[in-house]
Amino acid sequence: MGSARISRSHWLALAGLVATLTIAAASCDPAQARVKSKRDHHRPRAIHGPNYHPPYADIVVDDKSGLVLHEVNPDEPRHPASLTKIMTLYLLFEQLEAGKLSLGTELPISTRAALQNPTKLGLKTNQTIKVEDAIKGLVTKSANDAAVVVAEAIGGSEEEFAKLMTAKAGALGMLGTTYVNASGLPAEAQITTARDQAALGRAIQHRFPAYYQYFARYKGAEMRNHNNLLGQVKGVDGIKTGYTEASGYNLTSSVRRDEKHIVAVVLGGTSNGARDARMRQLIEAHISQASTQRTAPILVEANGQETPHQYNVHQGDALQDRVHVLAVAPASSDAEPPAGERSDAAAAGAKADPVPVPRPRLQAARLPARASKQAATAQALPARRQRTTAKASTLGVLQDISTLRQTRHVERKVGSSAPLQ
């Protein structure tokens, strides 16, 4: 009897222990799941397969001389992705410079802005955000919701703001650029070129040197800049990264080192790491070629002022002028990466359009034609002289005949008027 009671009590104790452990496990699972989910969220993931090769382009420009130090497909159309936000900020800086907005101005947040796809700040409808906070969000977080807030505040709507962006691109001579949104989110019609983005990267520094300092922020209280080269590569002071599936991994970089200044653009990287490695390579390979003295004018808009001829807003003139500029400073012969290094340029080579023949060669090819034309002209001169001599002698004969006719006419007239004998 006593043993039965003991067994029953043991069984009850064991059942209670199992129940307790079950409840504890059930209560711990959600927390563990959240921790695991958060841990997995921060773990790098392979987004693309080995065959992901978006169309590639790059360019390196010496800001002080305006000369092109290197280029691959610089005028081929590419999607800008979040490099679009450089122009969004350019127009916002204009408003600040004109006094129409201040850094403390509160901008209203619309439902459309709040619903933008990431990356974003998580702005809430019917609230506001200060202009300076929007700038920081655009520069460090590449926030799409902040981009729409700025667009609606300046243009009334994102569509109208995109028209202002495209018009500004035209004023800066960015002939290959069209904007349809303020963020750079996927849009088939939103295109640019590496050359145009280099021009914009230079122009925003020339026009707004004080506000440009925001691009140098690589750490904030709550946000870290997506530009991994800031604080890692000597002299890098900005400016912007970008990515969509169609564009690949884009980056515009500005580098100041030893009184030299270059702006470089990489479009179509296969990953963040590959893009950054390619940019490092371009910087180190070409910064030594840059000038320490400014010989090129700063980039200005075509608003009654003359723009530098390599960025002329008249397309025909611009194409001719670009030929002239590149003839003075052709792209270096090391346009392709060293053999054995699988860079984005080499990886994209099979699918990207062939690299254009450097324009200096085109101009050099015209010289023999001009020389042959001059030779033909020289050969034609004796014949022209003979024709001129023949013509002169013919004119002399005609004049003699005319004089003879006039003499005979006078003699006849005199003879007819004489009295009859």
# chains A, B, ... in the order shown; residues from 1 in each chain; ligands from 1

$ select_by_dssp --residues "segment 48-208 of chain A" --states "helix (DSSP H, G or I)" --output "PyMOL selection string"
chain A and resi 81-98+111-114+131-141+144-155+158-171+194-207

$ atom_distance --atom1 "atom CA of Asn126 of chain A" --atom2 "atom CA of Tyr211 of chain A"
27.6 Å

$ residues_around --residues "Gly66 of chain A" --least-positions-apart "5" --cutoff "8 Å" --atoms "only C-alpha atoms" --output "PyMOL selection string"
chain A and resi 61+295-296
